[in-house]
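Chemist: My questions all concern the structure below.
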Amino acid sequence: MILEIKENKKKYLDLLLLADEQEDMVDRYLERGTMYILEEDGPKAVCVVTEEEDGVLEIKNLATHPDHHRKGYGRKIIDFVINTYWGKYDWLQVGTGDSPLTVPFYEKCGFVRSHRVKNFFTDNYDHPIFECGVQLVDMVYLRQPLKG
Ligand SMILES: CC(C)(COP(=O)(O)OP(=O)(O)OC[C@H]1O[C@@H](n2cnc3c(N)ncnc32)[C@H](O)[C@@H]1OP(=O)(O)O)[C@@H](O)C(=O)NCCC(=O)NCCS
């Protein structure tokens, strides 16, 4: 079951911080974003989307509880977002670090690389962010159409 969370979004901060480890960065989009939780015997995955310019819906945060990776929850929540917003925007976009933990996942879910924002992580976070031993520097954007 996937539920929209309208109040007390910080109740799920532990899940949100899995995808975005600095709380003040989460604060930049949490209130204006629409938040969904996938519940199956407790919360298993979170997703926050925001409306950006020019017909773009952006995934700002997406995480599956680490005990439940590779069980299809991430794909389920993305499919839900696609179905919910199909025809209402031109593109579904996501920005992520250039990391082997996330880019292959998004590609499996139908996203293709679009552009990058140079030095996003080094310019905006107060500490270096590492994934798989590699420091994240640029934000890589991937997208897929929300119109047929
Ligand atoms: C990225 C993340 C959300 C994936 O969630 P998940 O629930 O484990 O993903 P799913 O089980 O739905 O996987 C969907 C597909 O992607 C594949 N996949 C998932 N992670 C992968 C990885 N690191 N490398 C390659 N493929 C991967 C799965 O094998 C599956 O493919 P299949 O359907 O062909 O079997 C999860 O690893 C996570 O929460 N990571 C930490 C937070 C994070 O970095 N979020 C992204 C911030 S933008």
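Each chain in the structure tokens gets a letter, A, B, ..., in the order shown, and its residues are numbered from 1; ligands are numbered from 1 in order too.
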Quick one: residues within 8 Å of Gln22 (chain A), only C-alpha atoms counted, chain neighbours fewer than 4 positions away excluded, as number ranges by chain?
Modeler: A: 17, 26, 125
Chemist: Show me which residues sit within 6 Å of ligand 1 when counting only C-alpha atoms and all ligand atoms, and put them as a PyMOL selection string.
Modeler: chain A and resi 18-19+61-64+69-75+96+100-102+104-105+108
Chemist: Interatomic distance between CA of Tyr89 (chain A) and CA of Arg113 (chain A)?
Modeler: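 These two atoms are separated by 18.2 Å.
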Chemist: Region 3-91 of chain A: which residues are strand (DSSP E) by DSSP, as an NGL selection string?
Modeler: :A and (3-5 or 34-39 or 43-51 or 56-64 or 91)
Chemist: At a cut-off of 9 Å, using only C-alpha atoms, what residues contact region 36-52 of chain A? Leave out same-chain residues fewer than 3 positions from it and give the result as a ChimeraX atom specification.
Modeler: /A:1-6,12,15-16,29-30,32-33,55-68,73-74,76-78,81,89
Chemist: Using Å and a single decimal, report how far CA of Gly95 (chain A) sits from CA of Met139 (chain A).
Modeler: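 Computing the Euclidean distance for CA of Met139 (chain A) and CA of Gly95 (chain A) yields 5.9 Å.
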Chemist: Measure the distance from CA of Lys147 (chain A) to CA of Trp91 (chain A) in Å and round it to one decimal.
Modeler: 7.5 Å
Chemist: Using only C-alpha atoms, which of the listed residues (A:Asp98, A:Asp126, A:Glu107, A:Asp14) sits closest to Asp138 (chain A)?
Modeler: A:Asp98
Chemist: His127 (chain A): which residues within 12 Å, counting only C-alpha atoms, same-chain residues fewer than 5 positions away excluded, as a short mmCIF file (atom, residue, chain, number, x, y, z; two decimals) with N, CA and C atoms, in the first residue's frame?
Modeler:
```cif
data_model
loop_
_atom_site.label_atom_id
_atom_site.label_comp_id
_atom_site.auth_asym_id
_atom_site.auth_seq_id
_atom_site.Cartn_x
_atom_site.Cartn_y
_atom_site.Cartn_z
N GLU A 21 21.66 12.75 3.10
CA GLU A 21 22.10 12.58 4.48
C GLU A 21 22.20 13.87 5.29
N GLN A 22 21.94 15.02 4.68
CA GLN A 22 22.05 16.29 5.42
C GLN A 22 20.66 16.89 5.60
N PHE A 121 27.35 18.64 -5.26
CA PHE A 121 27.55 18.09 -3.90
C PHE A 121 28.63 18.85 -3.15
N THR A 122 29.69 19.22 -3.85
CA THR A 122 30.78 19.94 -3.16
C THR A 122 30.35 21.37 -2.83
N GLN A 135 33.88 9.90 -3.89
CA GLN A 135 33.24 11.16 -3.48
C GLN A 135 32.28 11.65 -4.57
N LEU A 136 31.08 12.02 -4.15
CA LEU A 136 30.10 12.57 -5.10
C LEU A 136 30.42 14.05 -5.32
N VAL A 137 30.49 14.46 -6.57
CA VAL A 137 30.82 15.85 -6.92
C VAL A 137 29.67 16.47 -7.72
#
```
